[in-house]
Every structure is written in C-alpha cells, then in structure tokens.
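Structure data follow from model_33.tsv (TSV, C-alpha atoms and all ligand atoms):
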```tsv
chain	number	residue	atom	x	y	z
A	1	MET	CA	-6.82	-50.71	-0.91
A	2	ASP	CA	-5.98	-48.19	1.82
A	3	THR	CA	-3.40	-49.49	4.23
A	4	ILE	CA	-3.96	-48.47	7.85
A	5	ILE	CA	-0.70	-47.50	9.57
A	6	ALA	CA	-0.84	-47.48	13.36
A	7	LYS	CA	1.82	-46.93	15.99
A	8	VAL	CA	2.18	-49.40	18.84
A	9	ASN	CA	4.31	-48.71	21.89
A	10	LYS	CA	6.13	-51.98	22.50
A	11	GLU	CA	7.09	-50.80	25.99
A	12	ASN	CA	3.45	-50.33	26.98
A	13	LEU	CA	0.79	-52.17	25.00
A	14	ASP	CA	-1.87	-50.99	27.43
A	15	GLU	CA	-1.77	-47.40	26.17
A	16	PRO	CA	-5.14	-46.69	24.53
A	17	GLU	CA	-3.65	-46.03	21.08
A	18	SER	CA	-1.63	-49.27	21.13
A	19	LYS	CA	-4.52	-51.28	22.50
A	20	GLU	CA	-6.86	-50.05	19.83
A	21	ALA	CA	-4.34	-50.76	17.06
A	22	LEU	CA	-3.76	-54.32	18.31
A	23	TYR	CA	-7.49	-54.93	18.64
A	24	LYS	CA	-8.04	-53.80	15.05
A	25	ALA	CA	-5.06	-55.82	13.76
A	26	ALA	CA	-6.26	-58.98	15.50
A	27	GLU	CA	-9.70	-58.53	13.97
A	28	ILE	CA	-8.18	-58.18	10.48
A	29	ILE	CA	-6.18	-61.42	10.95
A	30	ARG	CA	-9.29	-63.27	12.21
A	31	THR	CA	-11.30	-62.17	9.20
A	32	GLY	CA	-8.74	-63.24	6.60
A	33	GLY	CA	-6.83	-59.98	6.06
A	34	LEU	CA	-3.11	-59.16	6.19
A	35	VAL	CA	-1.21	-57.21	8.86
A	36	ALA	CA	2.51	-56.37	8.90
A	37	PHE	CA	3.98	-56.42	12.40
A	38	PRO	CA	7.37	-56.13	14.10
A	39	THR	CA	9.22	-59.14	15.46
A	40	GLU	CA	12.61	-59.19	17.18
A	41	THR	CA	14.26	-60.20	13.86
A	42	VAL	CA	12.53	-58.34	10.98
A	43	TYR	CA	8.97	-57.18	10.22
A	44	GLY	CA	6.63	-59.98	9.17
A	45	LEU	CA	3.58	-59.94	6.88
A	46	GLY	CA	0.96	-61.90	8.77
A	47	GLY	CA	-2.21	-63.77	7.91
A	48	ASN	CA	-4.16	-66.64	9.49
A	49	ALA	CA	-1.89	-69.67	8.91
A	50	LEU	CA	-4.83	-72.09	8.70
A	51	ASP	CA	-6.66	-70.03	6.08
A	52	LYS	CA	-5.62	-70.94	2.51
A	53	GLU	CA	-7.01	-67.73	1.11
A	54	ALA	CA	-5.01	-65.59	3.55
A	55	SER	CA	-1.81	-67.41	2.54
A	56	LYS	CA	-2.57	-66.85	-1.13
A	57	LYS	CA	-2.98	-63.14	-0.40
A	58	ILE	CA	0.45	-63.09	1.28
A	59	TYR	CA	2.12	-64.57	-1.82
A	60	ALA	CA	0.30	-62.09	-4.04
A	61	ALA	CA	1.20	-59.02	-1.95
A	62	LYS	CA	4.89	-59.96	-1.86
A	63	GLY	CA	5.10	-61.25	-5.43
A	64	ARG	CA	6.57	-64.39	-3.88
A	65	PRO	CA	6.95	-67.71	-5.77
A	66	SER	CA	4.25	-70.06	-4.41
A	67	ASP	CA	6.74	-72.90	-3.75
A	68	ASN	CA	8.53	-70.83	-1.09
A	69	PRO	CA	6.89	-71.84	2.21
A	70	LEU	CA	5.81	-69.49	5.01
A	71	ILE	CA	6.80	-69.66	8.69
A	72	VAL	CA	3.94	-70.30	11.14
A	73	HIS	CA	4.19	-68.04	14.22
A	74	ILE	CA	2.83	-69.34	17.51
A	75	CYS	CA	2.50	-67.95	21.04
A	76	SER	CA	2.56	-71.13	23.14
A	77	LEU	CA	4.33	-74.46	23.04
A	78	ASP	CA	0.93	-76.19	22.88
A	79	GLN	CA	0.46	-74.80	19.40
A	80	LEU	CA	3.52	-76.76	18.22
A	81	TYR	CA	1.74	-79.95	19.29
A	82	GLU	CA	-1.34	-78.83	17.35
A	83	ILE	CA	0.45	-78.78	13.99
A	84	ALA	CA	3.45	-81.15	14.25
A	85	SER	CA	3.00	-84.85	13.54
A	86	GLU	CA	5.38	-85.57	16.41
A	87	VAL	CA	7.25	-83.48	18.96
A	88	THR	CA	10.49	-85.30	19.72
A	89	PRO	CA	12.45	-84.80	22.97
A	90	GLU	CA	15.08	-82.85	20.94
A	91	MET	CA	12.43	-80.46	19.63
A	92	LYS	CA	11.14	-79.97	23.15
A	93	THR	CA	14.65	-79.27	24.45
A	94	LEU	CA	15.32	-76.75	21.69
A	95	ALA	CA	11.97	-75.04	22.22
A	96	GLU	CA	12.47	-74.80	25.96
A	97	LYS	CA	15.92	-73.31	25.50
A	98	PHE	CA	15.32	-70.82	22.67
A	99	TRP	CA	11.58	-70.00	22.63
A	100	PRO	CA	10.28	-67.44	22.68
A	101	GLY	CA	13.11	-66.17	20.51
A	102	PRO	CA	14.70	-65.87	17.05
A	103	MET	CA	14.67	-69.56	16.13
A	104	THR	CA	12.48	-71.42	13.62
A	105	MET	CA	12.14	-75.22	13.66
A	106	ILE	CA	11.23	-77.30	10.63
A	107	VAL	CA	9.05	-80.21	11.79
A	108	ASN	CA	6.89	-82.84	10.09
A	109	SER	CA	3.38	-81.51	9.62
A	110	ASN	CA	0.26	-83.38	10.76
A	111	GLY	CA	-1.61	-81.84	7.85
A	112	LYS	CA	-3.49	-79.18	9.79
A	113	VAL	CA	-1.53	-76.34	8.19
A	114	PRO	CA	-2.68	-76.15	4.56
A	115	HIS	CA	-0.30	-76.71	1.65
A	116	GLU	CA	-0.95	-73.12	0.56
A	117	THR	CA	0.98	-72.09	3.69
A	118	THR	CA	3.73	-74.76	3.52
A	119	GLY	CA	4.41	-74.25	-0.17
A	120	GLY	CA	3.18	-77.77	-0.88
A	121	LEU	CA	5.56	-79.39	1.63
A	122	ASP	CA	4.65	-81.98	4.28
A	123	THR	CA	6.93	-80.21	6.72
A	124	VAL	CA	6.17	-76.93	8.44
A	125	ALA	CA	8.34	-74.10	9.75
A	126	VAL	CA	7.35	-73.01	13.26
A	127	ARG	CA	8.53	-69.98	15.22
A	128	PHE	CA	7.59	-68.54	18.63
A	129	PRO	CA	8.74	-64.91	18.49
A	130	VAL	CA	9.68	-62.90	21.59
A	131	HIS	CA	8.68	-59.39	20.45
A	132	PRO	CA	5.83	-58.04	22.63
A	133	VAL	CA	3.81	-56.78	19.64
A	134	ALA	CA	4.13	-60.09	17.74
A	135	MET	CA	3.18	-62.06	20.83
A	136	ALA	CA	0.19	-59.85	21.58
A	137	LEU	CA	-1.06	-60.05	17.98
A	138	ILE	CA	-0.93	-63.85	17.89
A	139	ARG	CA	-2.63	-64.09	21.27
A	140	GLU	CA	-5.32	-61.46	20.56
A	141	SER	CA	-6.18	-62.87	17.14
A	142	GLY	CA	-6.49	-66.41	18.47
A	143	CYS	CA	-4.80	-67.56	15.24
A	144	MET	CA	-1.44	-69.05	14.41
A	145	ILE	CA	0.05	-66.47	12.04
A	146	ALA	CA	1.83	-67.30	8.78
A	147	ALA	CA	4.40	-64.58	8.21
A	148	PRO	CA	7.22	-64.19	5.75
A	149	SER	CA	9.38	-61.08	5.98
A	150	ALA	CA	7.23	-58.07	5.01
A	151	ASN	CA	9.21	-57.03	1.92
A	152	THR	CA	8.52	-57.32	-1.77
A	153	SER	CA	10.07	-60.62	-2.86
A	154	GLY	CA	13.76	-60.09	-3.68
A	155	ARG	CA	14.18	-56.83	-1.74
A	156	PRO	CA	16.06	-56.59	1.58
A	157	SER	CA	13.96	-57.62	4.60
A	158	PRO	CA	12.31	-54.72	6.46
A	159	THR	CA	13.74	-53.63	9.79
A	160	LYS	CA	11.53	-50.53	10.14
A	161	ALA	CA	7.84	-49.86	9.45
A	162	SER	CA	8.85	-47.34	6.76
A	163	HIS	CA	10.51	-50.19	4.78
A	164	VAL	CA	7.23	-52.12	4.85
A	165	GLU	CA	5.35	-49.04	3.76
A	166	GLU	CA	7.72	-48.57	0.78
A	167	ASP	CA	7.11	-52.12	-0.43
A	168	LEU	CA	3.54	-53.00	0.55
A	169	SER	CA	1.51	-49.84	1.03
A	170	GLY	CA	-1.82	-50.22	-0.80
A	171	LYS	CA	-1.42	-54.02	-0.97
A	172	ILE	CA	-2.17	-55.03	2.64
A	173	ASP	CA	-4.75	-54.05	5.25
A	174	MET	CA	-2.57	-52.73	8.05
A	175	ILE	CA	0.96	-52.01	9.27
A	176	LEU	CA	1.68	-52.04	13.00
A	177	ASP	CA	4.58	-49.64	13.54
A	178	GLY	CA	6.44	-50.82	16.63
A	179	GLY	CA	9.67	-49.01	15.83
A	180	GLU	CA	12.96	-50.49	14.70
A	181	VAL	CA	13.53	-54.23	15.26
A	182	ASN	CA	16.21	-55.50	17.64
A	183	ILE	CA	18.24	-58.00	15.62
A	184	GLY	CA	17.80	-57.04	11.97
A	185	LEU	CA	18.49	-60.48	10.44
A	186	GLU	CA	15.87	-63.22	10.05
A	187	SER	CA	15.59	-66.11	12.51
A	188	THR	CA	17.92	-69.11	12.56
A	189	ILE	CA	16.16	-72.03	10.83
A	190	VAL	CA	16.87	-75.50	12.24
A	191	ASP	CA	15.65	-78.56	10.36
A	192	MET	CA	14.49	-81.12	12.95
A	193	THR	CA	13.09	-83.60	10.41
A	194	VAL	CA	16.52	-85.16	9.71
A	195	ASP	CA	18.82	-87.37	11.81
A	196	GLU	CA	21.25	-84.60	12.61
A	197	PRO	CA	19.72	-81.16	13.31
A	198	THR	CA	20.70	-78.93	10.38
A	199	ILE	CA	20.84	-75.15	10.08
A	200	LEU	CA	19.10	-74.09	6.88
A	201	ARG	CA	19.56	-70.36	7.53
A	202	PRO	CA	22.11	-68.90	9.99
A	203	GLY	CA	20.91	-66.22	12.41
A	204	PHE	CA	21.30	-64.73	15.86
A	205	ILE	CA	21.19	-68.19	17.44
A	206	THR	CA	24.37	-69.87	16.24
A	207	ILE	CA	25.39	-73.42	15.38
A	208	GLU	CA	27.46	-73.42	18.59
A	209	ASP	CA	24.32	-72.53	20.60
A	210	ILE	CA	22.46	-75.48	19.08
A	211	LYS	CA	25.40	-77.88	19.50
A	212	GLU	CA	25.66	-76.92	23.13
A	213	THR	CA	21.98	-77.69	23.61
A	214	LEU	CA	21.53	-80.83	21.50
A	215	GLY	CA	25.06	-82.24	21.29
A	216	SER	CA	25.24	-82.08	17.51
A	217	CYS	CA	24.22	-79.84	14.64
A	218	LYS	CA	25.51	-79.17	11.13
A	219	MET	CA	25.20	-76.52	8.46
A	220	ASP	CA	23.19	-77.24	5.32
A	221	PRO	CA	25.96	-77.97	2.77
A	222	GLY	CA	23.91	-76.07	0.17
A	223	LEU	CA	24.65	-72.79	1.99
A	224	SER	CA	28.35	-72.84	1.15
A	225	SER	CA	29.44	-71.06	-2.00
A	226	GLU	CA	32.00	-73.85	-2.48
A	227	ASN	CA	29.19	-76.30	-3.21
A	228	ALA	CA	27.68	-74.51	-6.16
A	229	ASN	CA	25.97	-77.71	-7.38
A	230	VAL	CA	24.27	-78.50	-4.02
A	231	ARG	CA	20.99	-76.63	-3.62
A	232	PRO	CA	20.10	-75.12	-0.23
A	233	LYS	CA	17.28	-77.09	1.42
A	234	ALA	CA	15.22	-74.03	2.38
A	235	PRO	CA	13.54	-72.95	-0.86
A	236	GLY	CA	13.93	-69.28	0.10
A	237	MET	CA	17.71	-69.61	0.35
A	238	ARG	CA	17.93	-70.56	-3.33
A	239	TYR	CA	16.83	-67.23	-4.72
A	240	ARG	CA	19.09	-64.21	-5.10
A	241	HIS	CA	17.67	-62.34	-2.22
A	242	TYR	CA	18.32	-59.29	-0.07
A	243	ALA	CA	19.47	-57.83	-3.31
A	244	PRO	CA	20.08	-54.13	-3.77
A	245	LYS	CA	19.66	-52.84	-7.32
A	246	ALA	CA	23.38	-52.06	-7.48
A	247	GLN	CA	26.04	-54.64	-8.21
A	248	LEU	CA	27.68	-55.49	-4.88
A	249	SER	CA	31.15	-56.97	-4.31
A	250	ILE	CA	32.67	-58.02	-1.01
A	251	VAL	CA	36.37	-57.38	-0.51
A	252	GLU	CA	38.17	-59.89	1.68
A	253	GLY	CA	41.67	-60.10	3.14
A	254	GLU	CA	43.85	-58.33	5.69
A	255	ARG	CA	42.24	-55.18	6.97
A	256	GLU	CA	44.82	-52.69	5.63
A	257	LYS	CA	44.80	-54.34	2.21
A	258	VAL	CA	41.01	-54.39	2.10
A	259	ILE	CA	40.86	-50.66	2.72
A	260	THR	CA	43.47	-49.92	0.03
A	261	LYS	CA	41.64	-52.17	-2.44
A	262	ILE	CA	38.24	-50.63	-1.75
A	263	VAL	CA	39.63	-47.10	-2.13
A	264	ALA	CA	41.11	-48.07	-5.51
A	265	LEU	CA	37.98	-49.86	-6.78
A	266	ALA	CA	35.56	-47.18	-5.59
A	267	THR	CA	37.70	-44.39	-7.07
A	268	GLU	CA	37.78	-46.14	-10.43
A	269	SER	CA	34.06	-46.84	-10.39
A	270	GLU	CA	33.07	-43.28	-9.42
A	271	GLN	CA	35.43	-41.85	-12.04
A	272	ASN	CA	33.73	-44.02	-14.64
A	273	GLY	CA	30.56	-42.10	-13.84
A	274	VAL	CA	28.91	-44.85	-11.79
A	275	LYS	CA	27.35	-43.77	-8.49
A	276	THR	CA	29.31	-45.77	-5.91
A	277	ALA	CA	28.90	-46.68	-2.24
A	278	VAL	CA	31.14	-48.31	0.37
A	279	LEU	CA	29.90	-50.39	3.33
A	280	CYS	CA	32.30	-50.45	6.26
A	281	SER	CA	32.68	-50.65	10.02
A	282	ASP	CA	32.97	-47.65	12.34
A	283	GLU	CA	36.61	-48.49	12.87
A	284	SER	CA	37.60	-47.96	9.22
A	285	ARG	CA	35.23	-45.05	8.48
A	286	ALA	CA	37.99	-42.43	8.61
A	287	ASP	CA	40.14	-44.34	6.10
A	288	TYR	CA	37.57	-43.72	3.37
A	289	LYS	CA	37.41	-39.96	3.90
A	290	ILE	CA	39.27	-39.40	0.62
A	291	LEU	CA	36.46	-41.14	-1.30
A	292	GLU	CA	33.89	-38.69	0.00
A	293	TYR	CA	35.50	-35.87	-1.97
A	294	LEU	CA	34.88	-37.88	-5.12
A	295	GLY	CA	31.21	-38.24	-4.23
A	296	VAL	CA	31.30	-41.87	-3.03
A	297	GLN	CA	28.69	-42.64	-0.34
A	298	ILE	CA	30.23	-44.17	2.79
A	299	PHE	CA	27.99	-46.19	5.12
A	300	ASP	CA	29.51	-47.17	8.44
A	301	MET	CA	27.18	-49.83	9.78
A	302	GLY	CA	28.55	-50.24	13.28
A	303	SER	CA	31.52	-51.38	15.28
A	304	PHE	CA	33.33	-54.69	14.97
A	305	GLU	CA	33.09	-54.75	18.75
A	306	THR	CA	29.31	-54.43	18.93
A	307	GLU	CA	28.55	-56.52	15.87
A	308	ASP	CA	24.86	-56.22	16.68
A	309	ASP	CA	24.76	-52.79	15.03
A	310	ILE	CA	26.13	-54.16	11.77
A	311	ALA	CA	23.43	-56.84	11.73
A	312	ARG	CA	20.69	-54.33	12.55
A	313	ASN	CA	21.80	-51.78	9.95
A	314	LEU	CA	22.67	-54.01	7.00
A	315	PHE	CA	19.26	-54.22	5.29
A	316	ASP	CA	18.53	-50.53	5.97
A	317	VAL	CA	21.81	-49.54	4.31
A	318	LEU	CA	21.12	-51.77	1.27
A	319	ARG	CA	17.75	-50.03	0.92
A	320	LYS	CA	19.40	-46.60	1.24
A	321	CYS	CA	21.70	-47.53	-1.65
A	322	ASP	CA	18.59	-48.20	-3.75
A	323	ASP	CA	17.03	-44.88	-2.71
A	324	LEU	CA	20.20	-43.05	-3.76
A	325	GLN	CA	20.25	-44.97	-7.07
A	326	VAL	CA	23.70	-46.33	-6.38
A	327	GLY	CA	25.03	-48.48	-9.24
A	328	ARG	CA	28.04	-50.13	-7.58
A	329	ILE	CA	28.73	-51.13	-3.96
A	330	PHE	CA	31.94	-52.35	-2.35
A	331	SER	CA	31.69	-53.86	1.12
A	332	GLU	CA	34.20	-54.90	3.72
A	333	SER	CA	33.70	-58.46	4.95
A	334	PHE	CA	32.57	-59.04	8.51
A	335	ASP	CA	33.96	-62.09	10.21
A	336	THR	CA	32.77	-61.11	13.64
A	337	LYS	CA	32.69	-63.99	16.08
A	338	ARG	CA	29.08	-64.39	17.01
A	339	LEU	CA	27.02	-62.89	14.18
A	340	GLY	CA	29.63	-63.06	11.42
A	341	ASN	CA	28.17	-66.20	9.88
A	342	ALA	CA	24.67	-64.74	9.62
A	343	ILE	CA	25.86	-61.34	8.39
A	344	MET	CA	28.10	-62.86	5.71
A	345	ASN	CA	25.34	-65.26	4.60
A	346	ARG	CA	23.04	-62.29	3.80
A	347	LEU	CA	25.83	-60.16	2.35
A	348	LEU	CA	27.10	-62.94	0.07
A	349	LYS	CA	23.57	-63.53	-1.22
A	350	ALA	CA	23.08	-59.82	-1.82
A	351	ALA	CA	26.37	-59.87	-3.76
A	352	GLY	CA	25.48	-62.97	-5.75
A	353	HIS	CA	28.73	-64.34	-4.21
A	354	SER	CA	30.92	-61.71	-5.91
A	355	VAL	CA	34.07	-61.66	-3.74
A	356	VAL	CA	37.31	-59.79	-4.44
A	357	GLU	CA	40.54	-60.87	-2.70
A	358	ALA	CA	42.61	-57.93	-1.50
A	401	LIG	O1	12.81	-64.02	11.39
A	401	LIG	C1	12.04	-64.58	10.61
A	401	LIG	O2	12.04	-65.81	10.45
A	401	LIG	C2	11.06	-63.71	9.84
A	401	LIG	C3	10.06	-63.11	10.83
A	401	LIG	C4	8.96	-62.37	10.17
A	401	LIG	O3	9.58	-64.12	11.68
A	401	LIG	N1	10.40	-64.45	8.81
A	401	LIG	C5	11.03	-64.84	7.68
A	401	LIG	O4	10.21	-65.48	6.76
A	401	LIG	O5	12.20	-64.63	7.47
A	401	LIG	P1	10.61	-65.68	5.23
A	401	LIG	O6	9.40	-66.21	4.59
A	401	LIG	O7	11.16	-64.43	4.68
A	401	LIG	O8	11.69	-66.81	5.26
A	401	LIG	C6	11.28	-68.12	5.55
A	401	LIG	C7	12.33	-69.08	5.11
A	401	LIG	C8	12.40	-69.24	3.62
A	401	LIG	O9	13.77	-69.37	3.23
A	401	LIG	C9	11.65	-70.55	3.40
A	401	LIG	O10	12.04	-71.20	2.22
A	401	LIG	C10	12.03	-71.33	4.63
A	401	LIG	O11	11.99	-70.36	5.65
A	401	LIG	N2	11.05	-72.39	4.97
A	401	LIG	C11	9.77	-72.22	5.38
A	401	LIG	N3	9.16	-73.41	5.57
A	401	LIG	C12	10.09	-74.36	5.27
A	401	LIG	C13	10.08	-75.79	5.25
A	401	LIG	N4	9.00	-76.48	5.58
A	401	LIG	N5	11.22	-76.42	4.88
A	401	LIG	C14	12.34	-75.72	4.56
A	401	LIG	N6	12.41	-74.37	4.56
A	401	LIG	C15	11.30	-73.70	4.89
A	402	MG	MG	12.16	-63.20	3.48
```
Would you write the structure of this file as structure tokens?
Ligand code: TXA
Ligand code: MG
Amino acid sequence: MDTIIAKVNKENLDEPESKEALYKAAEIIRTGGLVAFPTETVYGLGGNALDKEASKKIYAAKGRPSDNPLIVHICSLDQLYEIASEVTPEMKTLAEKFWPGPMTMIVNSNGKVPHETTGGLDTVAVRFPVHPVAMALIRESGCMIAAPSANTSGRPSPTKASHVEEDLSGKIDMILDGGEVNIGLESTIVDMTVDEPTILRPGFITIEDIKETLGSCKMDPGLSSENANVRPKAPGMRYRHYAPKAQLSIVEGEREKVITKIVALATESEQNGVKTAVLCSDESRADYKILEYLGVQIFDMGSFETEDDIARNLFDVLRKCDDLQVGRIFSESFDTKRLGNAIMNRLLKAAGHSVVEA
C-alpha cells in the first residue's frame, strides 16, 4: 500500500494544507484505516478503538504480540464514562489534574471496547493527549482512537515522523507529520483498578505528582530489576523493548569514575574492531574527545540541567546507533531529579539491565 505523508502545522491547524490533511486522516480512521500522528509523548499509530478489524491491523503493521493491549485515546472526559465500568472520585481527580496530558489510566472496562483492542483484558487503558494534532484528529474523526507507539514492535518509539516512515511506510494508510514531539518518552501509566494507585510505566508525570494529588501511589514492583521474578503488570513492560541492535551497557557511579570507565571500555571495544558509541550529557562531552580519534561515535543528548533534552533525544539517538550499524554502546546513567526515573526505565530496558559499576 502507498502511505500518504502529509505535513500538519501544529501551531495553526487552520492552514489549508493542515486542514486538508486532518480531514483526510479523520476519514481514514472513520473507515477503518490506520493513521500515525504526533502526540506530546511519542508518535502513535491510530485506528478506531471500537473497530476490531482496525485493531487487528494495528497489531499486524507493528508486528506486535496480540496480548499486548492498546491505549484508547479520547478527547473529552465524557468518553471515559462511555467505556469505563465505573469512574471513581480518584479517577475524576486525576483526570481533572492531568488531562489533557501525558498520563494514561487503567480502568475497568464496561465491555464497549473490544477485546481485540484490550489484548483480551477486562481493563482498558485510557489517555487524553494534549497535542493539538492528536486532539484535532480524535475530534474530527468522531472516534476514540486506539494507538500504540508508531514503531515496529521492539524498536525505539518514534519521536519524529521520519522514524515512523522508517518502520511503517507501506504498511499504513497515512502519516501526519507534525514535527518533533515535546517529551520523547511515553505517557505515565497509572493503574486505577487496584486499592492503591500504581505506576505501571514511569513518565513525565511522576509518582510524586500522583501522590500529591491522590495522597498515595506506588511503583509496580515488577519494574525493579531487583525483583527479577516479579513480572511487570503492563504486558508491554515485559518485553525487551526500545532495543537498539547494538549491545548496550549503562555505567554507574561517581561522575569522574564513570567517564574514566567509559573511556577504557569504549577504547577496548573499538580496538577489537567493534563499531562503538557513547551516550553522554552535554557536560561530559569534552571528556570523551580522545575517543573520537579512535572512531567512537559520541552522542551528547542534552544537559543534566535541562533533563528534558535527554528524554526527547534518547530514542532518536538509539535509532541513529542502528543507522550507523553500531555494535556496542556505553551510556552514562541519568539520575536527574524529575525525569530520571522515566529515562532510566527506558535505558535499562534497552540495555537488558546490563549495568557496569565504575
Ligand atoms: O505516550 C503514550 O502512551 C503513547 C502515545 C502514542 O499515546 N502510546 C504508547 O502505547 O506508548 P504503547 O502501546 O506503545 O504502550 C502501551 C502500554 C503497553 O506497555 C501496554 O502493555 C500497556 O500500555 N497497557 C495497555 N492497556 C493495558 C491494560 N489494560 N493493563 C495494563 N497495561 C496496559
Ligand atoms: Mg510502545
């Protein structure tokens, strides 16, 4: 199939070109087709959430295991009431505080969303995104939109339309190119079907944010690498994911020691004839200069101070390593205050939890 690629100006959806693209995209969703679109977190691959056949097409295009449920994207709080078996006061509080925005709630389903969309579960993941293009598409189509990240299953999530094109061109009807996303890591998932609200996937909205709003919240114990025998509750968090083709290791410890260790490991790897890359912060970029002469690729992802850049660039850099056919990656660890948890969650998964102590 030919995939239509159309630019949309998120600053001005009323421009004729943007309007036409959105009109076309909405029509495709309504008639059972698939459209990739930008959200504030990552690009999503959308189809009508209430249409079993559309959901099946999403799984096929991504090569995604059919037991890994999709998130249903809505554009009004009313739509939560349409698909949840019950909307508790806590859910309402959370929605009022963080929607529209990068938070997904797991709620009990009333059965309206088909099992093809929920991966056979009786719960459903619901998200009300804040990106203008995502909001306009949901509204224009008149459908709730099931959308996983718009990558081939197992590859890093797409933060630019070109990433979607790499993975899904020829497999879906349309890509709306709304430029680079804002956040770069997928939404925070909060399970509201249990006694204590539980984070199944960390993201831009933190556990502290949720605690402040609801009084209590915990992390899914399955997310910690220390509990290797406890499975994460979100099916998608169980797979090795976000994975570059190269073997990735994260080096932890005091900053000076980390740099010395990475220089030693990368030198050895490159001298063994393996194409090697280093992921670092702006602040330590200059310390790896010596590696450049050996041919090691250095990717500075952003400043420790403005951690947002590191989050936004991470998946793009992992994809660049693939493009350059890198065989071995060494990364600094990022324990930034606000986004550190989410960044390290993705990085540790990409590394298959390979950590080196400096
Ligand atoms: O930011 C995001 O959430 C992006 C954009 C496109 O909105 N979407 C996204 O979707 O990351 P996806 O499919 O890549 O990740 C959805 C995650 C998976 O880990 C899945 O297992 C989990 O949500 N999930 C979905 N429904 C669930 C449910 N009912 N119970 C537990 N986990 C669920
Ligand atoms: Mg995904």
Restrict the calculation to only C-alpha atoms and all ligand atoms, then for each residue of chain A with any atom at most 8 Å from an atom of ligand LIG 401 (chain A) give the closest atom pair and their distance in Å to one decimal, rows by chain and rising residue number, as CSV.
```
residue,atom,partner,partner_atom,distance
A:Pro38,CA,A:LIG401,C4,7.5
A:Thr39,CA,A:LIG401,C3,6.2
A:Glu40,CA,A:LIG401,O1,7.5
A:Thr41,CA,A:LIG401,O1,4.8
A:Val42,CA,A:LIG401,C3,5.4
A:Tyr43,CA,A:LIG401,C4,5.2
A:Gly44,CA,A:LIG401,C4,3.5
A:Leu45,CA,A:LIG401,C4,6.8
A:Asn68,CA,A:LIG401,O10,4.8
A:Pro69,CA,A:LIG401,C11,4.3
A:Leu70,CA,A:LIG401,C11,4.8
A:Ile71,CA,A:LIG401,C11,5.1
A:His73,CA,A:LIG401,O3,7.1
A:Pro102,CA,A:LIG401,O1,6.2
A:Met103,CA,A:LIG401,O2,7.3
A:Thr104,CA,A:LIG401,O2,6.5
A:Ile106,CA,A:LIG401,N4,5.6
A:Val107,CA,A:LIG401,N4,7.2
A:Thr118,CA,A:LIG401,N4,5.9
A:Gly119,CA,A:LIG401,N3,7.5
A:Leu121,CA,A:LIG401,N4,6.0
A:Asp122,CA,A:LIG401,N4,7.1
A:Thr123,CA,A:LIG401,N4,4.4
A:Val124,CA,A:LIG401,N4,4.0
A:Ala125,CA,A:LIG401,N3,4.3
A:Val126,CA,A:LIG401,N3,7.9
A:Arg127,CA,A:LIG401,O3,6.9
A:Pro129,CA,A:LIG401,O3,6.9
A:Ala147,CA,A:LIG401,C4,5.4
A:Pro148,CA,A:LIG401,O6,3.2
A:Ser149,CA,A:LIG401,O7,4.0
A:Ala150,CA,A:LIG401,C4,6.9
A:Ser157,CA,A:LIG401,O7,7.4
A:Leu185,CA,A:LIG401,O1,6.8
A:Glu186,CA,A:LIG401,O1,3.4
A:Ser187,CA,A:LIG401,O1,3.7
A:Thr188,CA,A:LIG401,O2,7.1
A:Ile189,CA,A:LIG401,O11,6.9
A:Asp191,CA,A:LIG401,C14,7.3
A:Leu200,CA,A:LIG401,N6,7.1
A:Arg201,CA,A:LIG401,O9,7.3
A:Lys233,CA,A:LIG401,C14,6.0
A:Ala234,CA,A:LIG401,N6,3.6
A:Pro235,CA,A:LIG401,O10,3.8
A:Gly236,CA,A:LIG401,O9,3.1
A:Met237,CA,A:LIG401,O9,4.9
A:Arg238,CA,A:LIG401,O9,7.9
```
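Taking atom CA of A:Ala246 and atom CA of A:Tyr293 as the two end points, the separation is 21.0 Å.
When all atoms listed in the file are used to measure the gap to A:Pro100, the shortest distance among A:Ala228, A:Met135, A:Leu34, A:Val113 belongs to A:Met135.
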Contacts of A:Gln297 at 8 Å (all atoms listed in the file; same-chain gap of 4+ positions) as number ranges by chain: A: 276-278, 291-292
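Shortest atom-to-atom contact with A:Asn272 among A:Ile250, A:Glu307, A:Gly327, A:Glu27: A:Gly327, counting all atoms listed in the file.
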List the residues sitting within 9 Å of (30.6, -70.3, 17.4) in the file's frame, using all atoms listed in the file, as a short mmCIF file (atom, residue, chain, number, x, y, z; two decimals) with C-alpha atoms, in the frame of the given file.
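Once written, selection.cif looks like this:
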```cif
data_model
loop_
_atom_site.label_atom_id
_atom_site.label_comp_id
_atom_site.auth_asym_id
_atom_site.auth_seq_id
_atom_site.Cartn_x
_atom_site.Cartn_y
_atom_site.Cartn_z
CA THR A 206 24.37 -69.87 16.24
CA ILE A 207 25.39 -73.42 15.38
CA GLU A 208 27.46 -73.42 18.59
CA ASP A 209 24.32 -72.53 20.60
CA LYS A 337 32.69 -63.99 16.08
CA ARG A 338 29.08 -64.39 17.01
CA LEU A 339 27.02 -62.89 14.18
CA ASN A 341 28.17 -66.20 9.88
#
```
